[in-house]
>>> print(open('protein25.csv').read())   # CSV, C-alpha atoms and all ligand atoms
chain,number,residue,atom,x,y,z
A,438,MET,CA,83.2,121.6,105.8
A,439,MET,CA,82.5,124.7,108.0
A,440,ASP,CA,84.2,128.0,107.0
A,441,LEU,CA,86.3,130.0,109.5
A,442,ALA,CA,83.4,132.2,110.6
A,443,GLY,CA,81.2,129.1,111.2
A,444,LEU,CA,84.0,127.4,113.1
A,445,ASN,CA,84.6,130.4,115.3
A,446,ALA,CA,80.9,130.9,116.0
A,447,ARG,CA,80.5,127.4,117.1
A,448,PHE,CA,83.8,126.3,118.6
A,449,ALA,CA,86.0,129.3,119.5
A,450,ILE,CA,86.7,129.7,123.3
A,451,GLN,CA,87.3,133.2,124.6
A,452,ASP,CA,90.9,133.6,125.9
A,453,ALA,CA,91.8,130.1,124.9
A,454,LEU,CA,91.1,129.0,121.3
A,455,VAL,CA,90.5,130.7,117.9
A,456,PHE,CA,90.4,129.3,114.3
A,457,LYS,CA,92.6,131.3,111.8
A,458,PRO,CA,93.9,131.1,108.3
A,459,GLY,CA,97.3,129.3,108.5
A,460,PRO,CA,100.2,129.0,106.2
A,461,GLY,CA,99.5,127.8,102.7
A,462,GLY,CA,95.7,128.3,103.1
A,463,LEU,CA,95.4,125.7,105.8
A,464,VAL,CA,93.0,126.3,108.6
A,465,VAL,CA,94.5,126.2,112.1
A,466,ALA,CA,93.3,126.3,115.6
A,467,GLU,CA,95.4,128.6,117.8
A,468,VAL,CA,95.4,127.8,121.5
A,469,GLU,CA,96.6,130.2,124.1
A,470,ASN,CA,95.8,129.3,127.7
A,471,GLN,CA,97.4,130.0,131.1
A,472,ALA,CA,99.7,127.0,130.8
A,473,ALA,CA,100.6,126.6,127.1
A,474,SER,CA,100.3,127.8,123.5
A,475,ALA,CA,99.7,125.6,120.6
A,476,LEU,CA,98.8,125.4,116.9
A,477,ILE,CA,96.9,122.6,115.3
A,478,ALA,CA,96.1,122.2,111.5
A,479,LEU,CA,92.7,120.9,110.7
A,480,GLN,CA,94.3,119.1,107.8
A,481,GLY,CA,95.5,115.8,109.4
A,482,ALA,CA,94.5,116.9,112.9
A,483,GLN,CA,98.2,117.8,112.9
A,484,LEU,CA,99.6,119.5,115.9
A,485,MET,CA,102.3,121.9,114.8
A,486,ARG,CA,103.3,123.6,118.0
A,487,TRP,CA,103.0,123.0,121.8
A,488,THR,CA,104.9,125.2,124.1
A,489,PRO,CA,104.3,125.1,127.8
A,490,ARG,CA,104.7,128.6,129.4
A,491,GLY,CA,108.3,129.5,130.0
A,492,GLU,CA,109.6,126.5,128.0
A,493,GLU,CA,111.4,126.2,124.7
A,494,PRO,CA,109.1,124.6,122.1
A,495,VAL,CA,108.7,120.9,122.8
A,496,ILE,CA,107.5,119.9,119.4
A,497,TRP,CA,109.8,120.6,116.4
A,498,LEU,CA,108.4,122.1,113.2
A,499,SER,CA,110.8,122.3,110.3
A,500,GLY,CA,111.8,125.8,109.2
A,501,ALA,CA,111.6,124.5,105.7
A,502,ALA,CA,108.2,122.8,106.1
A,503,ARG,CA,105.8,123.1,103.1
A,504,PHE,CA,102.2,123.9,103.8
A,505,THR,CA,100.2,122.5,100.9
A,506,PRO,CA,96.7,121.1,101.0
A,507,GLY,CA,96.9,117.4,100.6
A,508,LYS,CA,100.6,117.1,101.6
A,509,SER,CA,101.9,116.2,105.0
A,510,ILE,CA,103.7,118.9,107.0
A,511,ARG,CA,107.3,118.2,108.1
A,512,GLY,CA,107.3,118.3,111.8
A,513,GLY,CA,104.7,118.5,114.6
A,514,VAL,CA,102.7,115.3,115.2
A,515,PRO,CA,101.6,113.7,111.9
A,516,VAL,CA,98.9,111.1,112.5
A,517,CYS,CA,99.9,107.9,110.7
A,518,TRP,CA,96.7,105.8,110.2
A,519,PRO,CA,95.3,103.3,109.2
A,520,TRP,CA,98.7,101.9,108.2
A,521,PHE,CA,102.2,102.8,109.0
A,522,GLY,CA,105.0,103.1,106.4
A,523,ALA,CA,104.3,101.6,103.0
A,524,HIS,CA,100.9,100.0,102.4
A,525,ALA,CA,101.2,96.2,102.7
A,526,SER,CA,100.1,95.5,99.1
A,527,GLU,CA,99.4,98.8,97.2
A,528,ALA,CA,102.6,100.6,96.3
A,529,GLY,CA,100.7,103.6,95.0
A,530,PHE,CA,98.9,104.2,98.3
A,531,PRO,CA,100.1,107.1,100.5
A,532,ALA,CA,103.0,106.3,102.9
A,533,HIS,CA,101.9,106.2,106.5
A,534,GLY,CA,98.2,106.1,105.5
A,535,TYR,CA,96.1,109.0,104.5
A,536,ALA,CA,95.0,110.5,107.8
A,537,ARG,CA,97.7,113.1,107.8
A,538,THR,CA,96.9,114.6,104.5
A,539,VAL,CA,93.1,114.9,104.5
A,540,PRO,CA,90.7,117.3,106.2
A,541,TRP,CA,89.4,116.6,109.7
A,542,GLU,CA,86.3,118.2,111.1
A,543,VAL,CA,85.9,119.7,114.6
A,544,LEU,CA,83.4,117.9,116.8
A,545,ALA,CA,83.9,119.8,120.0
A,546,THR,CA,86.1,122.2,122.0
A,547,GLU,CA,86.2,122.6,125.7
A,548,ALA,CA,88.2,124.5,128.4
A,549,PRO,CA,88.1,122.2,131.5
A,550,SER,CA,90.1,124.9,133.3
A,551,ALA,CA,92.1,128.1,132.6
A,552,THR,CA,95.2,125.9,132.1
A,553,GLN,CA,93.6,123.2,129.8
A,554,THR,CA,92.1,123.4,126.3
A,555,ARG,CA,90.6,120.4,124.5
A,556,LEU,CA,89.9,119.9,120.8
A,557,VAL,CA,88.1,116.9,119.4
A,558,MET,CA,88.4,116.2,115.6
A,559,ARG,CA,87.1,113.5,113.3
A,560,LEU,CA,88.6,112.4,110.0
A,561,VAL,CA,86.3,113.4,107.1
A,562,GLU,CA,85.6,110.3,104.9
A,563,THR,CA,85.3,110.9,101.2
A,564,ASP,CA,85.2,108.8,98.0
A,565,ALA,CA,89.0,109.2,97.9
A,566,THR,CA,89.5,107.9,101.5
A,567,ARG,CA,87.1,105.0,100.8
A,568,ALA,CA,89.1,104.0,97.8
A,569,TRP,CA,92.2,103.6,100.0
A,570,TRP,CA,90.3,102.1,102.9
A,571,PRO,CA,87.0,100.5,102.2
A,572,HIS,CA,86.1,100.0,105.9
A,573,ASP,CA,83.7,101.8,108.2
A,574,THR,CA,86.0,102.9,110.9
A,575,PRO,CA,85.4,106.4,112.1
A,576,VAL,CA,88.5,107.8,113.7
A,577,GLU,CA,88.8,110.7,116.2
A,578,CYS,CA,91.7,112.6,117.6
A,579,HIS,CA,91.3,114.1,121.0
A,580,ILE,CA,94.0,116.7,121.9
A,581,THR,CA,94.3,118.3,125.4
A,582,LEU,CA,96.7,121.2,125.7
A,583,GLY,CA,98.1,122.5,128.9
A,584,GLU,CA,101.3,122.0,130.9
A,585,THR,CA,100.9,118.4,129.7
A,586,LEU,CA,100.0,117.5,126.1
A,587,ASP,CA,97.6,114.5,125.7
A,588,LEU,CA,96.8,113.0,122.4
A,589,GLU,CA,94.4,110.2,121.8
A,590,LEU,CA,93.5,108.5,118.6
A,591,VAL,CA,90.2,106.6,118.8
A,592,THR,CA,89.3,104.1,116.1
A,593,ARG,CA,85.9,102.5,116.1
A,594,ASN,CA,84.9,99.6,113.9
A,595,ALA,CA,81.4,100.4,112.8
A,596,GLY,CA,81.4,97.7,110.2
A,597,ARG,CA,80.4,94.0,110.2
A,598,GLU,CA,83.9,92.5,109.7
A,599,PRO,CA,87.0,92.7,111.9
A,600,VAL,CA,89.6,95.2,110.7
A,601,THR,CA,93.3,95.4,111.3
A,602,ILE,CA,95.0,98.8,111.6
A,603,GLY,CA,98.6,100.2,111.9
A,604,GLU,CA,99.0,103.6,113.5
A,605,ALA,CA,101.5,106.0,115.1
A,606,LEU,CA,101.6,109.5,116.4
A,607,HIS,CA,104.8,110.4,114.5
A,608,THR,CA,105.9,113.1,117.0
A,609,TYR,CA,108.9,115.3,116.1
A,610,PHE,CA,110.5,116.5,119.4
A,611,HIS,CA,112.6,119.6,119.5
A,612,VAL,CA,116.0,118.8,121.0
A,613,GLY,CA,119.1,121.0,121.7
A,614,ASP,CA,121.5,118.7,119.8
A,615,VAL,CA,120.4,115.3,118.7
A,616,GLU,CA,123.9,113.9,119.2
A,617,ARG,CA,123.8,114.6,122.9
A,618,VAL,CA,120.4,113.3,123.8
A,619,GLN,CA,119.5,109.9,125.2
A,620,VAL,CA,116.3,108.1,124.9
A,621,LEU,CA,115.7,106.1,128.1
A,622,GLY,CA,113.2,103.3,128.6
A,623,LEU,CA,113.9,101.1,125.6
A,624,GLU,CA,116.8,99.3,127.1
A,625,ASP,CA,116.9,95.6,126.2
A,626,GLY,CA,114.0,96.1,123.8
A,627,GLU,CA,113.7,94.2,120.6
A,628,TYR,CA,113.6,96.3,117.5
A,629,LEU,CA,113.5,96.2,113.7
A,630,ASP,CA,116.3,98.2,112.2
A,631,LYS,CA,115.0,99.8,109.0
A,632,VAL,CA,118.4,101.1,108.1
A,633,GLU,CA,119.6,97.4,107.8
A,634,GLY,CA,116.6,96.0,105.9
A,635,PHE,CA,114.4,95.6,109.1
A,636,ARG,CA,116.9,93.3,110.8
A,637,ARG,CA,115.8,92.2,114.3
A,638,LYS,CA,118.1,93.4,117.0
A,639,THR,CA,118.2,94.0,120.8
A,640,GLN,CA,118.8,97.5,122.2
A,641,SER,CA,121.6,97.7,124.6
A,642,GLY,CA,121.6,100.7,127.0
A,643,PRO,CA,119.9,104.0,126.2
A,644,VAL,CA,119.3,105.0,122.6
A,645,VAL,CA,121.9,107.5,121.3
A,646,ILE,CA,122.0,109.1,117.9
A,647,SER,CA,125.3,109.5,115.9
A,648,GLY,CA,124.0,108.6,112.5
A,649,GLU,CA,120.8,107.6,110.7
A,650,VAL,CA,118.4,105.9,113.1
A,651,ASP,CA,115.2,104.3,112.0
A,652,ARG,CA,113.9,101.7,114.4
A,653,VAL,CA,110.7,100.1,115.3
A,654,TYR,CA,110.8,98.8,118.9
A,655,VAL,CA,108.1,96.1,119.0
A,656,ASN,CA,106.2,94.5,121.9
A,657,ASN,CA,107.1,97.5,123.9
A,658,PRO,CA,104.4,99.3,126.0
A,659,ALA,CA,107.1,101.1,128.0
A,660,ALA,CA,107.0,104.9,128.8
A,661,CYS,CA,110.2,106.6,127.7
A,662,VAL,CA,112.2,109.7,128.4
A,663,ILE,CA,114.2,112.0,126.1
A,664,SER,CA,117.0,113.3,128.2
A,665,ASP,CA,118.4,116.6,126.7
A,666,PRO,CA,121.5,118.0,128.5
A,667,VAL,CA,121.7,121.0,126.1
A,668,LEU,CA,118.1,122.3,126.7
A,669,GLN,CA,118.6,121.0,130.3
A,670,ARG,CA,115.3,119.1,130.4
A,671,ARG,CA,113.7,115.7,130.1
A,672,ILE,CA,110.6,115.1,128.0
A,673,LEU,CA,108.5,112.3,129.6
A,674,ILE,CA,106.5,110.2,127.1
A,675,ASP,CA,103.8,108.1,128.7
A,676,LYS,CA,101.5,105.9,126.6
A,677,HIS,CA,98.6,103.4,126.7
A,678,GLY,CA,97.2,101.2,123.9
A,679,SER,CA,100.6,101.3,122.2
A,680,GLU,CA,102.9,98.3,121.8
A,681,SER,CA,105.4,99.9,119.4
A,682,THR,CA,107.8,102.8,119.7
A,683,VAL,CA,109.5,104.2,116.6
A,684,VAL,CA,112.7,106.2,116.9
A,685,TRP,CA,113.8,108.1,113.8
A,686,ASN,CA,116.4,110.7,112.8
A,687,PRO,CA,117.3,110.8,109.1
A,688,TRP,CA,120.8,112.3,109.7
A,689,ILE,CA,122.7,114.4,107.2
A,690,GLU,CA,122.4,112.8,103.7
A,691,LYS,CA,118.8,111.6,104.0
A,692,ALA,CA,117.8,115.0,105.4
A,693,ALA,CA,119.4,116.8,102.5
A,694,LYS,CA,117.5,114.6,100.0
A,695,MET,CA,114.1,115.3,101.8
A,696,GLY,CA,114.2,119.0,100.9
A,697,ASP,CA,111.8,120.1,103.7
A,698,LEU,CA,113.9,119.3,106.8
A,699,GLY,CA,116.0,122.5,106.6
A,700,ASP,CA,119.8,122.8,106.7
A,701,ALA,CA,120.6,121.8,110.2
A,702,GLY,CA,117.1,120.5,110.9
A,703,TYR,CA,118.2,116.9,111.6
A,704,ARG,CA,120.3,118.2,114.6
A,705,HIS,CA,117.3,119.7,116.4
A,706,MET,CA,114.7,117.0,115.9
A,707,LEU,CA,114.1,113.5,117.1
A,708,CYS,CA,111.0,111.5,116.3
A,709,VAL,CA,109.9,109.2,119.2
A,710,GLU,CA,106.6,107.8,117.9
A,711,SER,CA,104.1,105.8,119.9
A,712,GLY,CA,101.9,103.4,118.0
A,713,ASN,CA,101.1,99.9,116.8
A,714,VAL,CA,103.1,98.8,113.8
A,715,ALA,CA,104.9,95.8,112.3
A,716,ASP,CA,104.4,92.9,114.8
A,717,ASN,CA,101.8,94.9,116.7
A,718,LEU,CA,99.0,95.7,114.3
A,719,VAL,CA,95.7,96.0,116.1
A,720,ASP,CA,92.6,93.9,115.3
A,721,ILE,CA,89.3,95.6,116.0
A,722,ALA,CA,86.2,93.5,116.2
A,723,PRO,CA,82.9,94.8,114.9
A,724,GLY,CA,81.4,97.3,117.4
A,725,GLU,CA,84.6,97.6,119.3
A,726,GLN,CA,87.0,100.5,119.5
A,727,HIS,CA,90.7,100.9,120.1
A,728,ARG,CA,92.4,103.9,121.8
A,729,LEU,CA,96.0,105.0,121.4
A,730,TRP,CA,96.9,107.5,124.0
A,731,VAL,CA,100.1,109.5,124.7
A,732,SER,CA,101.0,112.1,127.2
A,733,TYR,CA,104.0,114.4,127.0
A,734,ARG,CA,105.4,116.5,129.8
A,735,VAL,CA,108.6,118.4,130.4
A,736,GLU,CA,110.6,118.0,133.6
A,737,ARG,CA,113.6,120.1,134.6
B,801,LIG,O1,108.9,106.9,111.4
B,801,LIG,C1,110.1,106.7,110.6
B,801,LIG,C2,109.7,106.8,109.1
B,801,LIG,O2,108.9,105.8,108.8
B,801,LIG,C3,111.0,106.8,108.4
B,801,LIG,O3,111.3,105.6,107.7
B,801,LIG,C4,111.0,108.0,107.5
B,801,LIG,O4,110.9,107.8,106.2
B,801,LIG,C5,109.9,108.9,108.2
B,801,LIG,O5,109.0,108.0,108.8
B,801,LIG,C6,109.3,110.0,107.4
B,801,LIG,O6,108.3,109.6,106.5
B,801,LIG,P1,107.6,110.7,105.6
B,801,LIG,O7,106.6,109.9,104.8
B,801,LIG,O8,106.9,111.7,106.5
B,801,LIG,O9,108.7,111.3,104.8
>>> encode(input="protein25.csv", output="C-alpha cells")
Amino acid sequence: MMDLAGLNARFAIQDALVFKPGPGGLVVAEVENQAASALIALQGAQLMRWTPRGEEPVIWLSGAARFTPGKSIRGGVPVCWPWFGAHASEAGFPAHGYARTVPWEVLATEAPSATQTRLVMRLVETDATRAWWPHDTPVECHITLGETLDLELVTRNAGREPVTIGEALHTYFHVGDVERVQVLGLEDGEYLDKVEGFRRKTQSGPVVISGEVDRVYVNNPAACVISDPVLQRRILIDKHGSESTVVWNPWIEKAAKMGDLGDAGYRHMLCVESGNVADNLVDIAPGEQHRLWVSYRVER
C-alpha cells in the first residue's frame, strides 16, 4: 500500500483533493471543491461526509463512531459486499461482507470541473479476503463528489465460474428528526420485515418511523425521496442496477446496545440503502460485470 506522501504525489488534486491522516490512524481523502466538501476513508472506501455548499450535512456520521483499523465506522456509506447481513452458511464470517473493513487502494482521481471531484478505488485482496471469498471478482468503487453525490460499485467476474453476490450501499442519511420524515417511492412495495422474523409484507403509503424499522424492499428498482420538514429539504435517491432498498432505524433500545450510535443518534439518522439483497442477489457470469449506481441530491 502506498504511504501518504506517495498518495499525495500521485493522486492529490490542487484545490480539490488531499490525502491526510484521519481519526484512529485511518487514511482519508479530503475533498473541497466549489460545490461540496467530503471525507472518504480508504478503509472500506467508506464515505464519511458529503456536504454540498450551503447545506447541512447530508450524510450522518455518529458522534460516537469508533475509528479502528479492521472495524466498520458507524455512519457514512459503508459498502456491504459480497454479501449483505449474515453470511448464508458461515456464522463466523463478518456481517455485511468484508469490503467495509479492509483497505482499498486508489486507482485514479480526477477533477472533471471545479465543481466535481472523482475518486476511484479498488478493494485490496489478501489471503484473509480470499479465505472469506475464494472468487476472482475485482471490485471498484467510483465516487463523484459535487452538488450531487454519485457512488458506483463495479464487480467484475474475472473467474471461470459464475458467482452470486449480495451488496448494498448502506447509506446513513442525516435527518432533522427521524419521527417527522417520510420516505416516498416505496408505496405498495413488497418487503421483508426483519423486526418480525423477515415476514413478507406490503407497504402502504409513505414509510414513516415511530419505532424500530428494519426492512428489505425487494424487487424494487424505484427511486426514492426522503422528505424532511425539519431541515426543510428533500433528499433525492436515484439508482440503477439495484432491485432492493433497505430502510433501517434501530430506535432507542437497539441504539443504546450498539454503543457507537451516540445518545440521541437514532433521531438524526435514517439508513436508506440501495442494493441487491435477499430475493435479488446478482449472478455474474464469467467475464461479465455488474454495476450498482446511486446518486443523491438535495432539493429545497
Ligand atoms: O441494513 C440494516 C441492517 O442490516 C440492520 O439489520 C442492522 O443491524 C444494521 O444493518 C447495522 O449493521 P452493522 O453490522 O453495521 O451493525
>>> residues_around(input="protein25.csv", residues="Arg636 of chain A", least_positions_apart="6", cutoff="12 Å", atoms="all atoms listed in the file", output="list in words")
Glu627, Tyr628, Leu629, Asp630, Asp651, Arg652, Val653 and Tyr654 of chain A
>>> closest_atom_pairs(input="protein25.csv", of="chain A", to="ligand LIG 801 (chain B)", cutoff="8 Å", atoms="all atoms listed in the file", output="CSV")
residue,atom,partner,partner_atom,distance
A:Ser509,CA,B:LIG801,O8,6.9
A:Ile510,CA,B:LIG801,O8,7.9
A:Arg511,CA,B:LIG801,O8,6.7
A:Pro515,CA,B:LIG801,O8,7.8
A:Phe521,CA,B:LIG801,O2,7.3
A:Gly522,CA,B:LIG801,O2,5.3
A:Ala532,CA,B:LIG801,O7,5.4
A:His533,CA,B:LIG801,O7,6.2
A:His607,CA,B:LIG801,O1,6.2
A:Lys631,CA,B:LIG801,O3,7.0
A:Asp651,CA,B:LIG801,C1,5.8
A:Arg652,CA,B:LIG801,C1,7.3
A:Val683,CA,B:LIG801,O1,5.9
A:Val684,CA,B:LIG801,O1,6.7
A:Trp685,CA,B:LIG801,C1,5.1
A:Asn686,CA,B:LIG801,C1,7.8
A:Pro687,CA,B:LIG801,C4,7.1
A:Met695,CA,B:LIG801,O9,7.4
A:Cys708,CA,B:LIG801,O1,7.0
A:Glu710,CA,B:LIG801,O1,7.0
>>> closest_residue(input="protein25.csv", among="A:Leu698, A:Leu454, A:Ala475, A:Leu484", to="Arg503 of chain A", atoms="all atoms listed in the file")
A:Leu698
>>> closest_residue(input="protein25.csv", among="A:Phe610, A:Trp730, A:Trp569, A:Arg593", to="Pro658 of chain A", atoms="only C-alpha atoms")
A:Trp730
>>> atom_distance(input="protein25.csv", atom1="atom CA of Asn594 of chain A", atom2="atom CA of Cys517 of chain A")
17.4 Å
>>> decode(input="protein25.csv", residues="segment 530-542 of chain A", atoms="all heavy atoms", output="PDB file, in the first residue's frame")
ATOM      1  N   PHE A 530     -18.259 -15.564   9.687  1.00  0.00           N
ATOM      2  CA  PHE A 530     -17.801 -14.587   8.697  1.00  0.00           C
ATOM      3  C   PHE A 530     -18.403 -13.216   9.014  1.00  0.00           C
ATOM      4  O   PHE A 530     -19.469 -13.129   9.597  1.00  0.00           O
ATOM      5  CB  PHE A 530     -18.200 -15.031   7.282  1.00  0.00           C
ATOM      6  CG  PHE A 530     -17.324 -16.108   6.691  1.00  0.00           C
ATOM      7  CD1 PHE A 530     -16.481 -16.874   7.497  1.00  0.00           C
ATOM      8  CD2 PHE A 530     -17.339 -16.359   5.328  1.00  0.00           C
ATOM      9  CE1 PHE A 530     -15.682 -17.874   6.948  1.00  0.00           C
ATOM     10  CE2 PHE A 530     -16.543 -17.356   4.764  1.00  0.00           C
ATOM     11  CZ  PHE A 530     -15.711 -18.105   5.577  1.00  0.00           C
ATOM     12  N   PRO A 531     -17.708 -12.141   8.606  1.00  0.00           N
ATOM     13  CA  PRO A 531     -18.184 -10.806   9.004  1.00  0.00           C
ATOM     14  C   PRO A 531     -19.563 -10.457   8.444  1.00  0.00           C
ATOM     15  O   PRO A 531     -19.878 -10.812   7.299  1.00  0.00           O
ATOM     16  CB  PRO A 531     -17.119  -9.849   8.433  1.00  0.00           C
ATOM     17  CG  PRO A 531     -16.197 -10.662   7.609  1.00  0.00           C
ATOM     18  CD  PRO A 531     -16.443 -12.110   7.863  1.00  0.00           C
ATOM     19  N   ALA A 532     -20.358  -9.792   9.286  1.00  0.00           N
ATOM     20  CA  ALA A 532     -21.687  -9.345   8.849  1.00  0.00           C
ATOM     21  C   ALA A 532     -21.532  -8.314   7.742  1.00  0.00           C
ATOM     22  O   ALA A 532     -20.621  -7.488   7.778  1.00  0.00           O
ATOM     23  CB  ALA A 532     -22.430  -8.716  10.023  1.00  0.00           C
ATOM     24  N   HIS A 533     -22.402  -8.372   6.770  1.00  0.00           N
ATOM     25  CA  HIS A 533     -22.395  -7.435   5.632  1.00  0.00           C
ATOM     26  C   HIS A 533     -21.135  -7.562   4.772  1.00  0.00           C
ATOM     27  O   HIS A 533     -20.730  -6.603   4.105  1.00  0.00           O
ATOM     28  CB  HIS A 533     -22.528  -5.985   6.100  1.00  0.00           C
ATOM     29  CG  HIS A 533     -23.904  -5.625   6.612  1.00  0.00           C
ATOM     30  ND1 HIS A 533     -25.056  -6.114   6.065  1.00  0.00           N
ATOM     31  CD2 HIS A 533     -24.292  -4.802   7.620  1.00  0.00           C
ATOM     32  CE1 HIS A 533     -26.103  -5.616   6.712  1.00  0.00           C
ATOM     33  NE2 HIS A 533     -25.666  -4.827   7.666  1.00  0.00           N
ATOM     34  N   GLY A 534     -20.497  -8.722   4.812  1.00  0.00           N
ATOM     35  CA  GLY A 534     -19.303  -8.922   3.988  1.00  0.00           C
ATOM     36  C   GLY A 534     -18.088  -8.270   4.618  1.00  0.00           C
ATOM     37  O   GLY A 534     -18.128  -7.802   5.753  1.00  0.00           O
ATOM     38  N   TYR A 535     -17.010  -8.242   3.877  1.00  0.00           N
ATOM     39  CA  TYR A 535     -15.744  -7.732   4.424  1.00  0.00           C
ATOM     40  C   TYR A 535     -15.281  -6.441   3.759  1.00  0.00           C
ATOM     41  O   TYR A 535     -14.317  -5.825   4.201  1.00  0.00           O
ATOM     42  CB  TYR A 535     -14.653  -8.809   4.293  1.00  0.00           C
ATOM     43  CG  TYR A 535     -14.448  -9.301   2.882  1.00  0.00           C
ATOM     44  CD1 TYR A 535     -13.586  -8.633   2.024  1.00  0.00           C
ATOM     45  CD2 TYR A 535     -15.137 -10.406   2.388  1.00  0.00           C
ATOM     46  CE1 TYR A 535     -13.422  -9.051   0.708  1.00  0.00           C
ATOM     47  CE2 TYR A 535     -14.982 -10.831   1.083  1.00  0.00           C
ATOM     48  CZ  TYR A 535     -14.118 -10.149   0.242  1.00  0.00           C
ATOM     49  OH  TYR A 535     -13.961 -10.544  -1.051  1.00  0.00           O
ATOM     50  N   ALA A 536     -15.985  -5.999   2.724  1.00  0.00           N
ATOM     51  CA  ALA A 536     -15.476  -4.842   1.963  1.00  0.00           C
ATOM     52  C   ALA A 536     -15.337  -3.604   2.841  1.00  0.00           C
ATOM     53  O   ALA A 536     -14.446  -2.781   2.644  1.00  0.00           O
ATOM     54  CB  ALA A 536     -16.408  -4.540   0.796  1.00  0.00           C
ATOM     55  N   ARG A 537     -16.221  -3.481   3.839  1.00  0.00           N
ATOM     56  CA  ARG A 537     -16.226  -2.244   4.629  1.00  0.00           C
ATOM     57  C   ARG A 537     -15.106  -2.182   5.663  1.00  0.00           C
ATOM     58  O   ARG A 537     -14.920  -1.129   6.276  1.00  0.00           O
ATOM     59  CB  ARG A 537     -17.588  -2.053   5.304  1.00  0.00           C
ATOM     60  CG  ARG A 537     -17.978  -3.163   6.266  1.00  0.00           C
ATOM     61  CD  ARG A 537     -19.353  -2.908   6.880  1.00  0.00           C
ATOM     62  NE  ARG A 537     -19.735  -3.960   7.813  1.00  0.00           N
ATOM     63  CZ  ARG A 537     -20.686  -3.832   8.711  1.00  0.00           C
ATOM     64  NH1 ARG A 537     -21.358  -2.705   8.811  1.00  0.00           N
ATOM     65  NH2 ARG A 537     -20.987  -4.838   9.508  1.00  0.00           N
ATOM     66  N   THR A 538     -14.422  -3.293   5.898  1.00  0.00           N
ATOM     67  CA  THR A 538     -13.417  -3.279   6.962  1.00  0.00           C
ATOM     68  C   THR A 538     -11.988  -3.517   6.463  1.00  0.00           C
ATOM     69  O   THR A 538     -11.078  -3.651   7.270  1.00  0.00           O
ATOM     70  CB  THR A 538     -13.742  -4.357   8.015  1.00  0.00           C
ATOM     71  OG1 THR A 538     -13.822  -5.614   7.344  1.00  0.00           O
ATOM     72  CG2 THR A 538     -15.042  -4.074   8.728  1.00  0.00           C
ATOM     73  N   VAL A 539     -11.804  -3.611   5.169  1.00  0.00           N
ATOM     74  CA  VAL A 539     -10.447  -3.866   4.650  1.00  0.00           C
ATOM     75  C   VAL A 539      -9.951  -2.661   3.840  1.00  0.00           C
ATOM     76  O   VAL A 539     -10.752  -1.827   3.402  1.00  0.00           O
ATOM     77  CB  VAL A 539     -10.394  -5.161   3.780  1.00  0.00           C
ATOM     78  CG1 VAL A 539     -10.846  -6.370   4.585  1.00  0.00           C
ATOM     79  CG2 VAL A 539     -11.204  -5.006   2.505  1.00  0.00           C
ATOM     80  N   PRO A 540      -8.636  -2.572   3.648  1.00  0.00           N
ATOM     81  CA  PRO A 540      -8.092  -1.458   2.864  1.00  0.00           C
ATOM     82  C   PRO A 540      -8.501  -1.527   1.388  1.00  0.00           C
ATOM     83  O   PRO A 540      -8.607  -2.620   0.819  1.00  0.00           O
ATOM     84  CB  PRO A 540      -6.577  -1.630   2.997  1.00  0.00           C
ATOM     85  CG  PRO A 540      -6.367  -2.522   4.174  1.00  0.00           C
ATOM     86  CD  PRO A 540      -7.566  -3.412   4.232  1.00  0.00           C
ATOM     87  N   TRP A 541      -8.724  -0.364   0.827  1.00  0.00           N
ATOM     88  CA  TRP A 541      -8.910  -0.218  -0.615  1.00  0.00           C
ATOM     89  C   TRP A 541      -7.755   0.641  -1.121  1.00  0.00           C
ATOM     90  O   TRP A 541      -7.226   1.475  -0.379  1.00  0.00           O
ATOM     91  CB  TRP A 541     -10.245   0.471  -0.938  1.00  0.00           C
ATOM     92  CG  TRP A 541     -11.469  -0.362  -0.646  1.00  0.00           C
ATOM     93  CD1 TRP A 541     -11.802  -0.951   0.543  1.00  0.00           C
ATOM     94  CD2 TRP A 541     -12.536  -0.674  -1.555  1.00  0.00           C
ATOM     95  NE1 TRP A 541     -13.005  -1.615   0.432  1.00  0.00           N
ATOM     96  CE2 TRP A 541     -13.490  -1.454  -0.852  1.00  0.00           C
ATOM     97  CE3 TRP A 541     -12.798  -0.363  -2.896  1.00  0.00           C
ATOM     98  CZ2 TRP A 541     -14.665  -1.936  -1.436  1.00  0.00           C
ATOM     99  CZ3 TRP A 541     -13.974  -0.843  -3.480  1.00  0.00           C
ATOM    100  CH2 TRP A 541     -14.888  -1.626  -2.757  1.00  0.00           C
ATOM    101  N   GLU A 542      -7.372   0.438  -2.375  1.00  0.00           N
ATOM    102  CA  GLU A 542      -6.295   1.260  -2.942  1.00  0.00           C
ATOM    103  C   GLU A 542      -6.883   2.259  -3.932  1.00  0.00           C
ATOM    104  O   GLU A 542      -7.925   1.999  -4.535  1.00  0.00           O
ATOM    105  CB  GLU A 542      -5.255   0.373  -3.621  1.00  0.00           C
ATOM    106  CG  GLU A 542      -5.805  -0.425  -4.772  1.00  0.00           C
ATOM    107  CD  GLU A 542      -4.825  -1.462  -5.303  1.00  0.00           C
ATOM    108  OE1 GLU A 542      -3.615  -1.293  -5.087  1.00  0.00           O
ATOM    109  OE2 GLU A 542      -5.285  -2.422  -5.947  1.00  0.00           O
TER     110      GLU A 542
END
